Amino acid sequence: MGFRKEFRLSGSGGQGLILAGKILAEAAAIYDGKNATQSQSYGPEARGGSSRSEIIVSDEEIDYPKAVNIDLLLAFTQEACDKYKRDVRNDGIVLVDSGYVTNVPKGNFKVYSVPITEIAEKKVGKALVANIVALGMMTELTKVVSKEAVESAIRSRVPKGTEELNLKAFAVGIETAQKLQ
Amino acid sequence: MFPEWLNYVNEKTQLSLVSILHELSHLQDKRDLNFIIIGAFPLLIRGYLKYKVCWDVDLLFKNGERLKQFMESLKTSVARIVNYDDDLMISENITSFHAAWTFDHTWFNVDYILRKNYFEYYTRNKTDIIPYEQSVTLNDRTYCIHLFVAHPWDIIVEKIVSPRTKKELNLKIDMSVDIRHIFSVYGKEKDNLQFWDYCLEKSRYLQAEKEFRENFMNLLKFAKDLGYDNVVMSPLSIKMLKQ
């Protein structure tokens with residue numbers, strides 16, 4: 001029987017979550033040969049306000065492209081966490097950046113509260129790659145998309161020769177997630 | 001019958017995309033334009049972008065009334081459409097609506113956009129908009145595409161004067177999609193005097209000539225820091241941007 005996995009990446013504009021969602025979808029669809037959809041939505045203050053990206057990955061045809069039963073919610077703001085935790089399925093995963101989300105949700109899901117932005121800054125040297133660190137964590141926590149596919153998708157998104165920083169951020173994310181499990 | 005740009009579209013979504021373009025060709029009012037295609041897509045089909053990512057189709061509408069009419073007309077479309085947004089997402093400068101379209105279970109994002117003054121910017125005179133005409137044969141069926149799409153140089157001017165690009169440059173974001181697009185076009189057009197005259201004229205239309213010159217010059221100066229080692233400033237660029 002096939003699988004269908006739903007991701008929701010939420011936060012505020014400028015945190016790179018839409019891009020992280022695109023990379024995840026591209027990894028699944030282009031490099032892993034799966035089916036994937038990716039949606040993006042901005043809140044009322046487009047591009048400066050809230051932002052949300054939903055990714056569905058399946059090894060079968062995707063009949064409905066909207067996320068309704070979230071397997072993994074990534075929240076980079078308290079507002080996003082409060083708003084979207086309701087859609088997380090039982091035994092799903094909620095991953096929050098503890099630098100921004102202090103009121104951690106409770107429910108029938110696993111919660112990982114990790115200082116993602118701080119880790120990006122300390123271990124990679126650039127807070128701006130927190131989205132890629134989060135991408136590494138999601139890859140490791142769910143194992144829906146292969147590590148190699150995400151690395152290929154990252155490479156295709158940056159100019160040749162600058163992959164190192166982003167791939168390092170991705171590896172840091174993988175490593176961080178491994179320590180959680 | 002198989003355009004080169006289609007090689008840069010995920011094989012699984014090629015049919016859906018071509019079907020969408022075929023459908024949009026019917027939905028576009030050619031005599032009194034209701035929308036044009038903007039964003040990365042015109043750059044892709046005009047041969048400026050040569051890499052494989054998940055593309056979107058962005059439709060910029062003339063006004064709210066034409067967008068409403070378009071959405072009404074979709075009820076009779078043969079495409080299966082799922083709206084991501086419950087309503088129009090309205091902000092100070094831009095109104096958007098996100099949807100997914102399919103003809104075969106592989107979904108493609110189609111975004112509907114309203115942006116004050118920008119439809120006029122893109123369609124100001126007839127030479128600014130170039131119809132894209134192409135027949136594509138997939139699975140033994142031929143699809144005819146006839147669509148007015150934004151002029152690639154207009155797209156670049158808009159990106160260069162955008163505060164977002166300036167911010168991404170200041171933060172040295174190497175994954176900036178807009179900066180990648182700018183350098184892709186620059187690489188092809190930097191020695192083309194017509195390109196520079198056109199862009200400067202359109203930046204004046206946006207009342208952003210100063211920003212155009214400054215931002216473009218800064219982008220070129222810091223190209224290496226952004227990872228674009230192959231971007232070399234041509235003498236003509238320096239001359240045109242410093243004039």
# chains A, B, ... in the order shown; residues from 1 in each chain; ligands from 1

call {"tool": "interface_residues", "arguments": {"of": "chain A", "to": "chain B", "cutoff": "10 Å", "atoms": "only C-alpha atoms", "output": "MDAnalysis selection string"}}
result
chainID A and resid 14 16 19 22:23 25:27 29:31 33:49 54 60:67 128:129 153:163 165:166

call {"tool": "residues_around", "arguments": {"residues": "segment 118-125 of chain B", "least_positions_apart": "5", "cutoff": "12 Å", "atoms": "only C-alpha atoms", "output": "PyMOL selection string"}}
result
chain B and resi 32-39+59-64+66+93-95+113+130-131+148-158+201-207

call {"tool": "write_last_selection", "arguments": {"atoms": "N, CA and C atoms", "output": "mmCIF file, in the first residue's frame"}}
result
data_model
loop_
_atom_site.group_PDB
_atom_site.id
_atom_site.type_symbol
_atom_site.label_atom_id
_atom_site.label_comp_id
_atom_site.auth_asym_id
_atom_site.auth_seq_id
_atom_site.Cartn_x
_atom_site.Cartn_y
_atom_site.Cartn_z
ATOM 1 N N ASP B 32 -8.565 42.351 -25.523
ATOM 2 C CA ASP B 32 -8.533 43.250 -24.370
ATOM 3 C C ASP B 32 -7.974 42.406 -23.221
ATOM 4 N N LEU B 33 -6.679 42.384 -23.151
ATOM 5 C CA LEU B 33 -6.004 41.443 -22.240
ATOM 6 C C LEU B 33 -6.579 41.462 -20.825
ATOM 7 N N ASN B 34 -6.912 40.285 -20.349
ATOM 8 C CA ASN B 34 -7.384 40.160 -18.967
ATOM 9 C C ASN B 34 -6.253 39.804 -18.013
ATOM 10 N N PHE B 35 -5.267 39.081 -18.531
ATOM 11 C CA PHE B 35 -4.103 38.739 -17.709
ATOM 12 C C PHE B 35 -2.895 38.487 -18.605
ATOM 13 N N ILE B 36 -1.748 38.554 -18.003
ATOM 14 C CA ILE B 36 -0.534 38.097 -18.687
ATOM 15 C C ILE B 36 0.243 37.224 -17.697
ATOM 16 N N ILE B 37 1.150 36.458 -18.243
ATOM 17 C CA ILE B 37 1.978 35.605 -17.374
ATOM 18 C C ILE B 37 3.243 36.364 -16.996
ATOM 19 N N ILE B 38 3.514 36.396 -15.698
ATOM 20 C CA ILE B 38 4.725 37.066 -15.211
ATOM 21 C C ILE B 38 5.580 36.043 -14.429
ATOM 22 N N GLY B 39 6.569 36.527 -13.701
ATOM 23 C CA GLY B 39 7.372 35.636 -12.852
ATOM 24 C C GLY B 39 8.464 34.917 -13.630
ATOM 25 N N LEU B 59 -0.145 34.491 -12.857
ATOM 26 C CA LEU B 59 -0.985 35.285 -13.748
ATOM 27 C C LEU B 59 -1.231 36.654 -13.125
ATOM 28 N N LEU B 60 -0.850 37.703 -13.829
ATOM 29 C CA LEU B 60 -1.103 39.066 -13.335
ATOM 30 C C LEU B 60 -2.340 39.604 -14.044
ATOM 31 N N PHE B 61 -3.344 39.984 -13.273
ATOM 32 C CA PHE B 61 -4.613 40.421 -13.855
ATOM 33 C C PHE B 61 -4.693 41.932 -14.008
ATOM 34 N N LYS B 62 -5.528 42.318 -14.983
ATOM 35 C CA LYS B 62 -5.687 43.744 -15.275
ATOM 36 C C LYS B 62 -6.309 44.469 -14.086
ATOM 37 N N ASN B 63 -7.336 43.875 -13.514
ATOM 38 C CA ASN B 63 -7.999 44.470 -12.347
ATOM 39 C C ASN B 63 -8.844 43.393 -11.651
ATOM 40 N N GLY B 64 -9.432 43.789 -10.562
ATOM 41 C CA GLY B 64 -10.201 42.840 -9.764
ATOM 42 C C GLY B 64 -11.394 42.264 -10.514
ATOM 43 N N ARG B 66 -11.658 41.706 -13.760
ATOM 44 C CA ARG B 66 -11.210 40.691 -14.726
ATOM 45 C C ARG B 66 -10.782 39.406 -14.011
ATOM 46 N N ASN B 93 0.449 46.099 -1.081
ATOM 47 C CA ASN B 93 0.930 46.226 -2.462
ATOM 48 C C ASN B 93 0.488 45.122 -3.403
ATOM 49 N N ILE B 94 0.041 44.028 -2.838
ATOM 50 C CA ILE B 94 -0.222 42.882 -3.711
ATOM 51 C C ILE B 94 -1.413 42.076 -3.192
ATOM 52 N N THR B 95 -2.203 41.602 -4.139
ATOM 53 C CA THR B 95 -3.301 40.709 -3.785
ATOM 54 C C THR B 95 -3.049 39.401 -4.527
ATOM 55 N N ILE B 113 -2.668 37.022 -9.442
ATOM 56 C CA ILE B 113 -2.088 38.187 -8.763
ATOM 57 C C ILE B 113 -2.714 39.486 -9.260
ATOM 58 N N ILE B 130 5.079 40.178 -25.799
ATOM 59 C CA ILE B 130 5.340 39.355 -26.975
ATOM 60 C C ILE B 130 4.495 38.090 -26.864
ATOM 61 N N PRO B 131 3.668 37.800 -27.877
ATOM 62 C CA PRO B 131 2.895 36.560 -27.777
ATOM 63 C C PRO B 131 3.820 35.347 -27.902
ATOM 64 N N PHE B 148 -0.015 35.705 -24.324
ATOM 65 C CA PHE B 148 0.785 36.898 -24.094
ATOM 66 C C PHE B 148 1.471 36.744 -22.744
ATOM 67 N N VAL B 149 2.766 36.845 -22.788
ATOM 68 C CA VAL B 149 3.546 36.737 -21.549
ATOM 69 C C VAL B 149 4.356 38.017 -21.385
ATOM 70 N N ALA B 150 4.756 38.283 -20.156
ATOM 71 C CA ALA B 150 5.510 39.511 -19.903
ATOM 72 C C ALA B 150 6.855 39.480 -20.617
ATOM 73 N N HIS B 151 7.318 40.652 -20.984
ATOM 74 C CA HIS B 151 8.642 40.766 -21.596
ATOM 75 C C HIS B 151 9.686 40.445 -20.521
ATOM 76 N N PRO B 152 10.627 39.545 -20.813
ATOM 77 C CA PRO B 152 11.626 39.169 -19.799
ATOM 78 C C PRO B 152 12.380 40.362 -19.209
ATOM 79 N N TRP B 153 12.649 41.370 -20.029
ATOM 80 C CA TRP B 153 13.409 42.515 -19.521
ATOM 81 C C TRP B 153 12.573 43.323 -18.523
ATOM 82 N N ASP B 154 11.276 43.360 -18.738
ATOM 83 C CA ASP B 154 10.401 44.038 -17.754
ATOM 84 C C ASP B 154 10.449 43.316 -16.411
ATOM 85 N N ILE B 155 10.476 42.000 -16.502
ATOM 86 C CA ILE B 155 10.515 41.196 -15.265
ATOM 87 C C ILE B 155 11.800 41.511 -14.500
ATOM 88 N N ILE B 156 12.885 41.618 -15.228
ATOM 89 C CA ILE B 156 14.187 41.875 -14.599
ATOM 90 C C ILE B 156 14.228 43.265 -13.971
ATOM 91 N N VAL B 157 13.706 44.251 -14.679
ATOM 92 C CA VAL B 157 13.696 45.615 -14.111
ATOM 93 C C VAL B 157 12.915 45.617 -12.803
ATOM 94 N N GLU B 158 11.770 44.975 -12.824
ATOM 95 C CA GLU B 158 10.956 44.932 -11.603
ATOM 96 C C GLU B 158 11.734 44.275 -10.461
ATOM 97 N N GLU B 201 14.646 52.849 -19.637
ATOM 98 C CA GLU B 201 13.374 53.517 -19.937
ATOM 99 C C GLU B 201 12.252 52.988 -19.030
ATOM 100 N N LYS B 202 12.240 51.672 -18.849
ATOM 101 C CA LYS B 202 11.181 51.106 -18.007
ATOM 102 C C LYS B 202 11.401 51.420 -16.515
ATOM 103 N N SER B 203 12.638 51.577 -16.127
ATOM 104 C CA SER B 203 12.880 51.961 -14.727
ATOM 105 C C SER B 203 12.381 53.391 -14.496
ATOM 106 N N ARG B 204 12.498 54.214 -15.533
ATOM 107 C CA ARG B 204 11.965 55.588 -15.418
ATOM 108 C C ARG B 204 10.447 55.535 -15.286
ATOM 109 N N TYR B 205 9.844 54.630 -16.023
ATOM 110 C CA TYR B 205 8.386 54.487 -15.937
ATOM 111 C C TYR B 205 7.969 54.139 -14.508
ATOM 112 N N LEU B 206 8.782 53.342 -13.844
ATOM 113 C CA LEU B 206 8.482 52.960 -12.454
ATOM 114 C C LEU B 206 8.958 54.025 -11.467
ATOM 115 N N GLN B 207 9.516 55.112 -12.022
ATOM 116 C CA GLN B 207 10.095 56.184 -11.204
ATOM 117 C C GLN B 207 11.161 55.610 -10.269
#

call {"tool": "select_by_dssp", "arguments": {"residues": "chain A", "states": "helix (DSSP H, G or I)", "output": "ChimeraX atom specification"}}
result
/A:17-31,78-87,116-124,127-142,147-157,163-180

call {"tool": "write_last_selection", "arguments": {"atoms": "C-alpha atoms", "output": "short mmCIF file (atom, residue, chain, number, x, y, z; two decimals), in the first residue's frame"}}
result
data_model
loop_
_atom_site.label_atom_id
_atom_site.label_comp_id
_atom_site.auth_asym_id
_atom_site.auth_seq_id
_atom_site.Cartn_x
_atom_site.Cartn_y
_atom_site.Cartn_z
CA LEU A 17 10.31 28.45 4.70
CA ILE A 18 8.68 28.70 1.28
CA LEU A 19 12.05 27.98 -0.28
CA ALA A 20 12.67 25.08 2.09
CA GLY A 21 9.28 23.68 1.06
CA LYS A 22 10.16 23.99 -2.60
CA ILE A 23 13.46 22.21 -2.08
CA LEU A 24 11.73 19.38 -0.22
CA ALA A 25 9.16 18.99 -3.01
CA GLU A 26 11.85 19.14 -5.70
CA ALA A 27 13.90 16.54 -3.86
CA ALA A 28 10.91 14.20 -3.75
CA ALA A 29 9.60 14.81 -7.26
CA ILE A 30 12.69 15.45 -9.34
CA TYR A 31 15.41 13.48 -7.58
CA GLN A 78 4.48 31.08 18.17
CA GLU A 79 1.54 32.31 16.12
CA ALA A 80 2.10 29.66 13.45
CA CYS A 81 2.47 26.95 16.05
CA ASP A 82 -0.74 27.91 17.83
CA LYS A 83 -2.65 28.20 14.59
CA TYR A 84 -1.59 25.00 12.86
CA LYS A 85 -1.06 22.41 15.60
CA ARG A 86 -4.71 21.38 15.32
CA ASP A 87 -4.13 19.72 11.95
CA ILE A 116 17.24 25.82 15.16
CA THR A 117 18.25 29.39 14.34
CA GLU A 118 20.81 29.42 17.14
CA ILE A 119 22.27 26.16 15.89
CA ALA A 120 22.50 27.61 12.37
CA GLU A 121 24.33 30.61 13.71
CA LYS A 122 26.71 28.69 15.97
CA LYS A 123 27.44 25.62 13.89
CA VAL A 124 27.18 26.99 10.37
CA ALA A 127 21.45 32.33 11.08
CA LEU A 128 19.90 32.71 7.64
CA VAL A 129 20.41 29.04 6.86
CA ALA A 130 18.12 28.00 9.71
CA ASN A 131 15.63 26.93 7.04
CA ILE A 132 18.17 24.49 5.61
CA VAL A 133 19.06 23.18 9.08
CA ALA A 134 15.32 22.58 9.58
CA LEU A 135 15.19 20.83 6.22
CA GLY A 136 17.91 18.46 7.39
CA MET A 137 16.01 17.76 10.58
CA MET A 138 12.78 17.06 8.73
CA THR A 139 14.58 14.75 6.31
CA GLU A 140 16.05 12.74 9.17
CA LEU A 141 12.94 12.71 11.38
CA THR A 142 10.60 11.50 8.65
CA LYS A 147 19.16 12.61 2.01
CA GLU A 148 20.85 12.40 -1.40
CA ALA A 149 17.77 13.76 -3.15
CA VAL A 150 17.59 16.77 -0.83
CA GLU A 151 21.29 17.43 -1.33
CA SER A 152 20.77 17.38 -5.10
CA ALA A 153 17.84 19.75 -4.78
CA ILE A 154 19.92 22.12 -2.66
CA ARG A 155 22.74 22.04 -5.22
CA SER A 156 20.33 22.95 -7.99
CA ARG A 157 19.13 26.00 -6.06
CA GLU A 163 26.89 24.64 -2.18
CA GLU A 164 29.21 24.09 0.76
CA LEU A 165 27.53 26.36 3.28
CA ASN A 166 24.05 25.08 2.52
CA LEU A 167 25.11 21.45 2.46
CA LYS A 168 26.84 21.99 5.77
CA ALA A 169 23.62 23.47 7.18
CA PHE A 170 21.73 20.46 5.89
CA ALA A 171 24.22 18.05 7.47
CA VAL A 172 24.00 19.93 10.77
CA GLY A 173 20.22 19.50 10.64
CA ILE A 174 20.55 15.75 10.03
CA GLU A 175 23.03 15.42 12.87
CA THR A 176 20.84 17.45 15.25
CA ALA A 177 17.84 15.25 14.50
CA GLN A 178 19.86 12.06 14.96
CA LYS A 179 20.71 13.14 18.49
CA LEU A 180 17.02 13.65 19.28
#
